[in-house]
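For reference, final.pdb is printed below; it contains PDB, C-alpha atoms and all ligand atoms.
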MODEL        1
ATOM      1  CA  MET A1285       2.050  13.381  15.010
ATOM      2  CA  ALA A1286       4.727  10.714  14.638
ATOM      3  CA  LEU A1287       3.515   7.461  13.179
ATOM      4  CA  PRO A1288       4.000   4.215  15.088
ATOM      5  CA  PHE A1289       6.546   1.947  13.380
ATOM      6  CA  SER A1290       7.242  -1.641  14.405
ATOM      7  CA  THR A1291       7.813  -5.203  13.261
ATOM      8  CA  GLU A1292       5.806  -8.192  14.412
ATOM      9  CA  ASP A1293       7.052 -11.757  14.162
ATOM     10  CA  LEU A1294       9.194 -10.778  11.177
ATOM     11  CA  SER A1295      11.186 -13.573   9.554
ATOM     12  CA  ILE A1296      13.296 -13.412   6.423
ATOM     13  CA  TYR A1297      14.513 -16.369   4.418
ATOM     14  CA  TYR A1298      17.027 -16.848   1.634
ATOM     15  CA  GLY A1299      15.708 -19.998   0.009
ATOM     16  CA  GLU A1300      15.364 -22.451   2.898
ATOM     17  CA  TYR A1301      17.753 -20.535   5.145
ATOM     18  CA  GLN A1302      16.134 -18.373   7.819
ATOM     19  CA  ALA A1303      18.383 -15.330   8.276
ATOM     20  CA  VAL A1304      16.006 -13.334  10.532
ATOM     21  CA  LYS A1305      13.907 -15.137  13.126
ATOM     22  CA  ASN A1306      10.541 -13.912  14.357
ATOM     23  CA  ILE A1307      11.556 -10.412  15.343
ATOM     24  CA  SER A1308       9.077  -8.092  17.035
ATOM     25  CA  MET A1309      10.343  -4.664  17.933
ATOM     26  CA  SER A1310       9.268  -1.051  17.723
ATOM     27  CA  PHE A1311      11.128   2.089  16.751
ATOM     28  CA  PRO A1312      10.164   5.119  18.847
ATOM     29  CA  ALA A1313       9.844   8.525  17.201
ATOM     30  CA  GLN A1314      12.656  11.076  17.392
ATOM     31  CA  SER A1315      15.161   8.428  18.280
ATOM     32  CA  VAL A1316      18.051   6.438  16.901
ATOM     33  CA  THR A1317      17.977   2.658  17.214
ATOM     34  CA  ALA A1318      21.297   0.857  16.719
ATOM     35  CA  LEU A1319      21.332  -2.740  15.479
ATOM     36  CA  ILE A1320      24.439  -4.529  16.717
ATOM     37  CA  GLY A1321      25.687  -8.110  16.680
ATOM     38  CA  PRO A1322      28.346 -10.335  15.140
ATOM     39  CA  SER A1323      28.822 -10.660  11.402
ATOM     40  CA  GLY A1324      26.134 -12.673   9.655
ATOM     41  CA  CYS A1325      23.535 -12.379  12.430
ATOM     42  CA  GLY A1326      20.947 -10.767  10.131
ATOM     43  CA  LYS A1327      21.241  -7.042  10.921
ATOM     44  CA  SER A1328      21.484  -5.831   7.328
ATOM     45  CA  THR A1329      18.841  -8.275   6.153
ATOM     46  CA  PHE A1330      16.463  -7.004   8.831
ATOM     47  CA  LEU A1331      17.307  -3.353   8.061
ATOM     48  CA  ARG A1332      16.804  -3.812   4.301
ATOM     49  CA  SER A1333      13.475  -5.481   4.871
ATOM     50  CA  LEU A1334      12.092  -2.369   6.596
ATOM     51  CA  ASN A1335      11.652  -0.553   3.290
ATOM     52  CA  ARG A1336      11.261  -3.743   1.273
ATOM     53  CA  MET A1337      14.712  -3.506  -0.314
ATOM     54  CA  ASN A1338      15.161  -7.178   0.465
ATOM     55  CA  ASP A1339      12.430  -7.894  -2.071
ATOM     56  CA  GLU A1340      15.029  -7.099  -4.734
ATOM     57  CA  ILE A1341      17.094 -10.157  -3.752
ATOM     58  CA  ALA A1342      16.130 -13.240  -5.738
ATOM     59  CA  GLY A1343      15.063 -16.090  -3.480
ATOM     60  CA  SER A1344      14.374 -13.942  -0.422
ATOM     61  CA  ARG A1345      11.037 -14.302   1.330
ATOM     62  CA  THR A1346       9.467 -12.477   4.261
ATOM     63  CA  THR A1347       6.827 -13.581   6.756
ATOM     64  CA  GLY A1348       5.275 -11.569   9.577
ATOM     65  CA  HIS A1349       4.472  -7.870   9.568
ATOM     66  CA  ILE A1350       5.993  -4.403   9.406
ATOM     67  CA  TRP A1351       3.521  -1.904  10.792
ATOM     68  CA  MET A1352       3.537   1.783  10.000
ATOM     69  CA  ASP A1353       0.631   3.811  11.227
ATOM     70  CA  GLY A1354      -1.565   0.689  11.314
ATOM     71  CA  ILE A1355      -0.699  -0.386   7.754
ATOM     72  CA  ASP A1356       1.168  -3.608   7.068
ATOM     73  CA  LEU A1357       4.052  -2.711   4.759
ATOM     74  CA  THR A1358       4.639  -6.359   3.873
ATOM     75  CA  ALA A1359       1.274  -6.484   2.064
ATOM     76  CA  SER A1360       1.558  -7.201  -1.649
ATOM     77  CA  SER A1361      -0.555  -4.096  -2.307
ATOM     78  CA  THR A1362       2.140  -1.795  -0.825
ATOM     79  CA  ASP A1363       3.497   0.691  -3.356
ATOM     80  CA  VAL A1364       7.199   0.106  -2.707
ATOM     81  CA  ILE A1365       8.300   3.195  -4.648
ATOM     82  CA  LYS A1366       6.186   5.426  -2.404
ATOM     83  CA  LEU A1367       7.302   3.419   0.600
ATOM     84  CA  ARG A1368      10.952   4.143  -0.176
ATOM     85  CA  GLN A1369      10.138   7.823  -0.271
ATOM     86  CA  ARG A1370       8.874   7.561   3.322
ATOM     87  CA  ILE A1371      11.625   5.209   4.443
ATOM     88  CA  GLY A1372      14.979   6.192   2.952
ATOM     89  CA  MET A1373      18.195   4.201   2.980
ATOM     90  CA  VAL A1374      21.910   4.972   2.983
ATOM     91  CA  TRP A1375      24.337   2.163   2.266
ATOM     92  CA  GLN A1376      27.722   1.266   3.679
ATOM     93  CA  ARG A1377      29.679   2.597   0.694
ATOM     94  CA  PRO A1378      28.806   5.991  -0.763
ATOM     95  CA  ASN A1379      26.958   5.380  -4.018
ATOM     96  CA  PRO A1380      26.271   8.755  -5.641
ATOM     97  CA  PHE A1381      24.769   8.733  -9.115
ATOM     98  CA  PHE A1382      27.170   9.524 -11.986
ATOM     99  CA  LYS A1383      25.618  12.984 -12.132
ATOM    100  CA  SER A1384      26.304  16.461 -10.806
ATOM    101  CA  ILE A1385      26.023  17.234  -7.105
ATOM    102  CA  TYR A1386      22.823  19.196  -7.853
ATOM    103  CA  GLU A1387      21.279  16.415  -9.928
ATOM    104  CA  ASN A1388      21.992  13.805  -7.255
ATOM    105  CA  ILE A1389      19.731  15.711  -4.885
ATOM    106  CA  ALA A1390      17.144  16.940  -7.399
ATOM    107  CA  PHE A1391      16.628  13.471  -8.876
ATOM    108  CA  GLY A1392      14.284  12.136  -6.168
ATOM    109  CA  PRO A1393      12.039  15.208  -5.784
ATOM    110  CA  ARG A1394      11.773  15.458  -9.590
ATOM    111  CA  TYR A1395      10.898  11.768  -9.816
ATOM    112  CA  TYR A1396       8.163  12.254  -7.233
ATOM    113  CA  GLY A1397       6.693  15.231  -9.134
ATOM    114  CA  THR A1398       8.505  18.485  -8.289
ATOM    115  CA  LYS A1399       9.276  20.148 -11.639
ATOM    116  CA  ASN A1400       9.573  23.806 -10.625
ATOM    117  CA  ARG A1401      13.217  24.901 -10.817
ATOM    118  CA  LYS A1402      13.009  27.321  -7.883
ATOM    119  CA  GLN A1403      11.447  24.660  -5.677
ATOM    120  CA  LEU A1404      14.114  22.185  -6.730
ATOM    121  CA  ASP A1405      16.828  24.744  -5.958
ATOM    122  CA  GLU A1406      15.345  25.180  -2.473
ATOM    123  CA  ILE A1407      15.176  21.427  -1.874
ATOM    124  CA  VAL A1408      18.774  20.991  -3.038
ATOM    125  CA  GLU A1409      19.974  23.713  -0.694
ATOM    126  CA  SER A1410      17.964  22.616   2.332
ATOM    127  CA  SER A1411      18.911  18.938   1.897
ATOM    128  CA  LEU A1412      22.593  19.800   1.588
ATOM    129  CA  ARG A1413      22.332  22.077   4.622
ATOM    130  CA  LYS A1414      20.696  19.320   6.686
ATOM    131  CA  ALA A1415      23.510  16.990   5.663
ATOM    132  CA  ALA A1416      26.072  19.648   6.705
ATOM    133  CA  LEU A1417      27.478  19.752   3.186
ATOM    134  CA  TRP A1418      26.121  22.998   1.753
ATOM    135  CA  ASP A1419      29.067  25.215   2.673
ATOM    136  CA  GLU A1420      31.505  22.784   1.119
ATOM    137  CA  VAL A1421      29.691  22.381  -2.209
ATOM    138  CA  LYS A1422      27.541  25.473  -2.795
ATOM    139  CA  ASP A1423      29.996  26.844  -5.392
ATOM    140  CA  ARG A1424      30.378  23.589  -7.279
ATOM    141  CA  LEU A1425      26.877  22.205  -7.605
ATOM    142  CA  LYS A1426      27.384  21.477 -11.307
ATOM    143  CA  GLU A1427      30.482  19.394 -10.715
ATOM    144  CA  SER A1428      30.324  15.617 -10.729
ATOM    145  CA  ALA A1429      29.401  14.060  -7.400
ATOM    146  CA  LEU A1430      32.349  11.750  -7.959
ATOM    147  CA  SER A1431      34.705  14.704  -7.523
ATOM    148  CA  LEU A1432      33.807  14.766  -3.816
ATOM    149  CA  SER A1433      35.791  12.975  -1.126
ATOM    150  CA  GLY A1434      34.419   9.719   0.292
ATOM    151  CA  GLY A1435      33.113  11.457   3.404
ATOM    152  CA  GLN A1436      31.485  14.188   1.345
ATOM    153  CA  GLN A1437      29.962  11.583  -0.979
ATOM    154  CA  GLN A1438      28.412   9.814   1.988
ATOM    155  CA  ARG A1439      26.911  13.075   3.275
ATOM    156  CA  LEU A1440      25.673  13.689  -0.274
ATOM    157  CA  CYS A1441      23.953  10.294  -0.161
ATOM    158  CA  ILE A1442      22.358  11.277   3.148
ATOM    159  CA  ALA A1443      21.249  14.596   1.586
ATOM    160  CA  ARG A1444      19.838  12.649  -1.359
ATOM    161  CA  ALA A1445      17.851  10.453   1.012
ATOM    162  CA  LEU A1446      16.588  13.549   2.868
ATOM    163  CA  SER A1447      15.555  15.355  -0.326
ATOM    164  CA  VAL A1448      12.270  13.439  -0.505
ATOM    165  CA  THR A1449      11.462  14.180   3.174
ATOM    166  CA  PRO A1450      11.409  10.627   4.526
ATOM    167  CA  GLN A1451       9.965   9.872   7.956
ATOM    168  CA  ILE A1452      12.448   7.104   8.626
ATOM    169  CA  LEU A1453      16.098   6.766   7.633
ATOM    170  CA  LEU A1454      17.844   3.396   7.465
ATOM    171  CA  LEU A1455      21.631   3.536   7.686
ATOM    172  CA  ASP A1456      23.717   0.434   6.983
ATOM    173  CA  GLU A1457      27.152   1.036   8.531
ATOM    174  CA  PRO A1458      27.194   4.528   7.011
ATOM    175  CA  ALA A1459      30.581   5.488   8.413
ATOM    176  CA  SER A1460      32.505   2.235   8.097
ATOM    177  CA  ALA A1461      34.291   3.370   4.931
ATOM    178  CA  LEU A1462      35.099   6.847   6.286
ATOM    179  CA  ASP A1463      38.033   8.448   8.078
ATOM    180  CA  PRO A1464      37.569   9.604  11.711
ATOM    181  CA  VAL A1465      36.822  13.231  10.784
ATOM    182  CA  SER A1466      34.139  12.263   8.272
ATOM    183  CA  THR A1467      32.803   9.676  10.718
ATOM    184  CA  GLY A1468      32.457  12.417  13.337
ATOM    185  CA  LYS A1469      30.518  14.570  10.875
ATOM    186  CA  VAL A1470      28.156  11.740   9.991
ATOM    187  CA  GLU A1471      27.586  10.994  13.691
ATOM    188  CA  GLU A1472      26.856  14.658  14.424
ATOM    189  CA  LEU A1473      24.440  14.643  11.562
ATOM    190  CA  ILE A1474      22.636  11.576  12.910
ATOM    191  CA  SER A1475      22.212  13.280  16.284
ATOM    192  CA  GLU A1476      20.750  16.376  14.626
ATOM    193  CA  LEU A1477      18.470  14.511  12.224
ATOM    194  CA  LYS A1478      16.812  12.421  14.897
ATOM    195  CA  ASP A1479      14.852  15.476  16.026
ATOM    196  CA  GLU A1480      12.858  15.290  12.827
ATOM    197  CA  LEU A1481      12.905  11.645  11.816
ATOM    198  CA  ARG A1482      13.400   8.149  13.128
ATOM    199  CA  ILE A1483      16.744   6.527  12.407
ATOM    200  CA  VAL A1484      17.754   2.864  12.405
ATOM    201  CA  ILE A1485      21.490   2.240  12.066
ATOM    202  CA  VAL A1486      23.528  -0.936  11.697
ATOM    203  CA  THR A1487      26.965  -0.536  13.179
ATOM    204  CA  HIS A1488      29.907  -2.718  14.186
ATOM    205  CA  ASN A1489      31.385   0.148  16.133
ATOM    206  CA  MET A1490      30.299  -0.127  19.770
ATOM    207  CA  GLN A1491      31.509   3.365  20.638
ATOM    208  CA  GLN A1492      29.468   4.685  17.760
ATOM    209  CA  ALA A1493      26.357   2.811  18.885
ATOM    210  CA  ALA A1494      26.823   4.212  22.389
ATOM    211  CA  ARG A1495      27.407   7.736  21.068
ATOM    212  CA  VAL A1496      24.584   8.068  18.573
ATOM    213  CA  SER A1497      21.754   5.778  19.615
ATOM    214  CA  ASN A1498      18.936   6.026  22.150
ATOM    215  CA  TYR A1499      18.000   2.356  21.815
ATOM    216  CA  THR A1500      20.112  -0.656  20.991
ATOM    217  CA  ALA A1501      19.055  -4.040  19.665
ATOM    218  CA  TYR A1502      21.476  -6.951  19.949
ATOM    219  CA  PHE A1503      21.090  -9.617  17.256
ATOM    220  CA  TYR A1504      22.602 -13.091  17.364
ATOM    221  CA  LEU A1505      22.108 -15.892  14.837
ATOM    222  CA  GLY A1506      19.084 -14.151  13.343
ATOM    223  CA  LYS A1507      17.367 -13.609  16.697
ATOM    224  CA  LEU A1508      16.764 -10.430  18.626
ATOM    225  CA  MET A1509      18.450 -11.284  21.911
ATOM    226  CA  GLU A1510      18.027  -8.016  23.737
ATOM    227  CA  HIS A1511      16.556  -4.587  23.021
ATOM    228  CA  GLY A1512      16.325  -1.555  25.248
ATOM    229  CA  GLU A1513      17.701   1.846  26.066
ATOM    230  CA  THR A1514      21.300   2.124  24.950
ATOM    231  CA  ASP A1515      22.528   3.167  28.407
ATOM    232  CA  THR A1516      20.990   0.047  29.931
ATOM    233  CA  ILE A1517      22.198  -2.323  27.207
ATOM    234  CA  PHE A1518      25.734  -1.003  27.534
ATOM    235  CA  THR A1519      25.924  -0.840  31.323
ATOM    236  CA  ASN A1520      23.541  -3.487  32.543
ATOM    237  CA  PRO A1521      22.543  -6.003  29.844
ATOM    238  CA  THR A1522      20.349  -8.914  30.906
ATOM    239  CA  GLN A1523      22.006 -11.450  28.587
ATOM    240  CA  GLN A1524      25.539 -12.705  29.024
ATOM    241  CA  SER A1525      26.015 -12.868  25.250
ATOM    242  CA  THR A1526      25.124  -9.169  24.905
ATOM    243  CA  GLN A1527      27.728  -8.290  27.498
ATOM    244  CA  ASP A1528      30.336 -10.531  25.859
ATOM    245  CA  TYR A1529      29.713  -8.957  22.481
ATOM    246  CA  ILE A1530      29.816  -5.395  23.755
ATOM    247  CA  MET A1531      32.996  -6.080  25.727
ATOM    248  CA  GLY A1532      34.641  -7.615  22.671
ATOM    249  CA  ARG A1533      34.839 -11.038  24.332
ATOM    250  CA  PHE A1534      32.850 -12.671  21.592
ATOM    251  CA  GLY A1535      34.624 -15.729  20.148
TER
HETATM  252  N1  LIG A1601      21.651 -12.180  -0.830
HETATM  253  C1  LIG A1601      21.798 -13.199   0.019
HETATM  254  N2  LIG A1601      21.604 -14.456  -0.394
HETATM  255  C2  LIG A1601      21.751 -15.502   0.461
HETATM  256  N3  LIG A1601      22.090 -15.391   1.752
HETATM  257  C3  LIG A1601      22.317 -14.153   2.217
HETATM  258  C4  LIG A1601      22.179 -12.996   1.379
HETATM  259  N4  LIG A1601      22.454 -11.906   2.128
HETATM  260  C5  LIG A1601      22.749 -12.340   3.368
HETATM  261  N5  LIG A1601      22.661 -13.699   3.421
HETATM  262  C6  LIG A1601      22.902 -14.537   4.585
HETATM  263  O1  LIG A1601      22.028 -14.148   5.632
HETATM  264  C7  LIG A1601      22.709 -14.123   6.882
HETATM  265  C8  LIG A1601      22.593 -12.733   7.476
HETATM  266  O2  LIG A1601      23.352 -11.831   6.665
HETATM  267  P1  LIG A1601      23.350 -10.269   6.941
HETATM  268  O3  LIG A1601      24.175  -9.628   5.876
HETATM  269  O4  LIG A1601      21.973  -9.807   7.124
HETATM  270  O5  LIG A1601      24.110 -10.221   8.344
HETATM  271  P2  LIG A1601      24.776  -9.009   9.086
HETATM  272  O6  LIG A1601      24.526  -9.221  10.526
HETATM  273  O7  LIG A1601      24.335  -7.725   8.498
HETATM  274  O8  LIG A1601      26.305  -9.252   8.753
HETATM  275  P3  LIG A1601      27.522  -8.197   8.633
HETATM  276  O9  LIG A1601      27.633  -7.570   9.984
HETATM  277  O10 LIG A1601      28.697  -9.049   8.295
HETATM  278  O11 LIG A1601      27.177  -7.216   7.549
HETATM  279  C9  LIG A1601      24.139 -14.566   6.598
HETATM  280  O12 LIG A1601      24.246 -15.953   6.886
HETATM  281  C10 LIG A1601      24.315 -14.323   5.118
HETATM  282  O13 LIG A1601      25.224 -15.225   4.549
ENDMDL
END
Before anything else, please render the file you have as structure tokens.
Ligand SMILES: Nc1ncnc2c1ncn2[C@@H]1O[C@H](COP(=O)(O)OP(=O)(O)OP(=O)(O)O)[C@@H](O)[C@H]1O
Amino acid sequence: MALPFSTEDLSIYYGEYQAVKNISMSFPAQSVTALIGPSGCGKSTFLRSLNRMNDEIAGSRTTGHIWMDGIDLTASSTDVIKLRQRIGMVWQRPNPFFKSIYENIAFGPRYYGTKNRKQLDEIVESSLRKAALWDEVKDRLKESALSLSGGQQQRLCIARALSVTPQILLLDEPASALDPVSTGKVEELISELKDELRIVIVTHNMQQAARVSNYTAYFYLGKLMEHGETDTIFTNPTQQSTQDYIMGRFG
């Protein structure tokens, strides 16, 4: 059964500055939630906090809760390495390791204990298949990941995140550095993956948010202004500022 996942009164500070303000929201299973809003409104900060990546930033501090299956992930006792296995992340720019295509995918499973070569081979193949990359790379698994195109590298990073079977995938503008064809492939992939895991995506592209997400959350100045089904947010938002932003009228 899918585990409940939500935030409660979540705030994030950089020093004295409060970048994310008291956000409570939940992320339904088998769905994509898009985080939208103008630059600097706290989307990436909020996204990064969901698997405690924000902890890595000196001076950042979190208050409130992130609940997963009744456990508060913000607790100091949380094993963040295990947490990042369950909640994977893909960044804006493809960041493959300086290793072969195979080793990029095998790295995580090996780190978490899979040593058997046949099992690793299977994980590499299935992860690359899920990321719609297998056919393009199956004959060059030993080549450097850096020999791939930008779009292929980003799908490799998605495959790498999938290799440790996460339950949640966090995507921070995953297609913003890609050409339209690669963007289309990543969007298709998101639609397919949501059947097996929950996805949270930050995007500046309103068409993309409308295409790939089931739910949309509009952020402004660190606050969650509006959150609901994407169709409703895009056609009948309750807040004027949501409508202005979506229509590109935001000053
Ligand atoms: N490492 C950091 N140290 C200090 N302040 C930061 C840091 N990262 C982000 N901020 C500040 O926190 C606020 C929110 O930034 P964040 O990157 O989360 O916004 P965003 O909505 O994702 O923006 P964008 O759409 O431009 O990526 C901004 O005012 C930003 O300057």
| Hey, can you check how far CA of Phe1311 in chain A sits from CA of Gly1326 in chain A? | 17.5 Å
| field | Residues in the PyMOL selection byres (((not hetatm)) within 9 of (chain A and resi 1601)), expressed as a PyMOL selection string | value | chain A and resi 1296-1299+1301-1304+1319-1332+1338+1341-1344+1456-1457+1486-1488+1503-1506
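For the atom pair formed by CA of Leu1412 in chain A and CA of Leu1440 in chain A, the distance is 7.1 Å, given to one decimal.
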| message | List as a count of residues only the protein and nucleic acid residues near Lys1305 in chain A, meaning an atom at most 8 Å away when all atoms listed in the file are counted, but skip any in the same chain fewer than 6 places from it. | response | 7
| query | Pick the closest to Gly1468 in chain A from A:Trp1418, A:Met1490, A:Arg1495, A:Leu1455: which is it, counting all atoms listed in the file? | reply | A:Arg1495
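Considering all atoms listed in the file, the residue among A:Ser1410, A:Ser1433, A:Thr1449, A:Gln1376 positioned nearest to Pro1393 in chain A is A:Thr1449.
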| Non-local contacts of Lys1366 in chain A (10 Å; all atoms listed in the file; under 5 positions in same chain excluded) as JSON, numbers by chain | {"A": [1335, 1371, 1396]}
| query | Which residue out of A:Asn1489, A:Lys1469, A:Arg1377, A:Leu1481 has the minimum interatomic distance to Gly1532 in chain A when only C-alpha atoms are used? | reply | A:Asn1489
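With all atoms listed in the file taken into account, the protein and nucleic acid residues at most 12 Å from Arg1424 in chain A (excluding it and anything under 4 positions from it in its own chain) are Ser1384, Ile1385, Tyr1386, Glu1387, Leu1417, Trp1418, Asp1419, Glu1420, Ser1428, Ala1429, Ser1431 and Leu1432 of chain A.
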| query | Could you pull the residues within 10 Å of Phe1391 in chain A, counting all atoms listed in the file, minus those fewer than 6 positions along the same chain, as a PyMOL selection string? | reply | chain A and resi 1381+1383+1398+1404+1408+1444+1447-1448
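Remark: for Ala1415 in chain A, the closest of the candidate residues A:Leu1357, A:Leu1367, A:Leu1477, A:Ile1452 is A:Leu1477 (distances computed over all atoms listed in the file).
Distance annotation: of A:Leu1453, A:Ala1416, A:Ile1483, A:Ala1493, the residue with the minimal separation from Val1470 in chain A is A:Ala1416; atom set is all atoms listed in the file.
Note that CA of Met1309 in chain A and CA of Thr1500 in chain A are 11.0 Å apart.
The smallest atom-to-atom distance between Ser1411 in chain A and any of A:Met1531, A:Pro1450, A:Ala1459, A:Lys1399, using only C-alpha atoms, is found for A:Pro1450.
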| task | Any chance you could resolve the PyMOL selection byres (((chain A and resi 1353) around 8) and not hetatm) against this file and give the residues as JSON, numbers by chain? | result | {"A": [1287, 1288, 1289, 1351, 1352, 1354, 1355]}
Mind filling out range 1488-1502 of chain A with N, CA and C atoms and sending it as a tab-separated table (two decimals), keeping the file's coordinate frame?
chain	number	residue	atom	x	y	z
A	1488	HIS	N	29.00	-1.79	13.49
A	1488	HIS	CA	29.91	-2.72	14.19
A	1488	HIS	C	30.72	-1.99	15.23
A	1489	ASN	N	30.56	-0.68	15.26
A	1489	ASN	CA	31.38	0.15	16.13
A	1489	ASN	C	30.61	0.43	17.43
A	1490	MET	N	31.05	-0.24	18.50
A	1490	MET	CA	30.30	-0.13	19.77
A	1490	MET	C	30.31	1.29	20.33
A	1491	GLN	N	31.45	1.98	20.16
A	1491	GLN	CA	31.51	3.36	20.64
A	1491	GLN	C	30.50	4.21	19.87
A	1492	GLN	N	30.41	3.93	18.58
A	1492	GLN	CA	29.47	4.68	17.76
A	1492	GLN	C	28.03	4.41	18.19
A	1493	ALA	N	27.71	3.15	18.42
A	1493	ALA	CA	26.36	2.81	18.89
A	1493	ALA	C	26.06	3.55	20.18
A	1494	ALA	N	27.03	3.54	21.09
A	1494	ALA	CA	26.82	4.21	22.39
A	1494	ALA	C	26.68	5.72	22.21
A	1495	ARG	N	27.44	6.28	21.26
A	1495	ARG	CA	27.41	7.74	21.07
A	1495	ARG	C	26.11	8.21	20.41
A	1496	VAL	N	25.67	7.48	19.38
A	1496	VAL	CA	24.58	8.07	18.57
A	1496	VAL	C	23.19	7.54	18.88
A	1497	SER	N	23.09	6.38	19.54
A	1497	SER	CA	21.75	5.78	19.61
A	1497	SER	C	21.08	5.98	20.97
A	1498	ASN	N	19.75	5.99	20.93
A	1498	ASN	CA	18.94	6.03	22.15
A	1498	ASN	C	18.57	4.61	22.57
A	1499	TYR	N	18.38	3.75	21.56
A	1499	TYR	CA	18.00	2.36	21.82
A	1499	TYR	C	18.97	1.46	21.06
A	1500	THR	N	19.23	0.30	21.64
A	1500	THR	CA	20.11	-0.66	20.99
A	1500	THR	C	19.43	-2.02	20.97
A	1501	ALA	N	19.59	-2.68	19.80
A	1501	ALA	CA	19.06	-4.04	19.66
A	1501	ALA	C	20.22	-4.97	19.35
A	1502	TYR	N	20.38	-6.00	20.16
A	1502	TYR	CA	21.48	-6.95	19.95
A	1502	TYR	C	20.93	-8.20	19.24
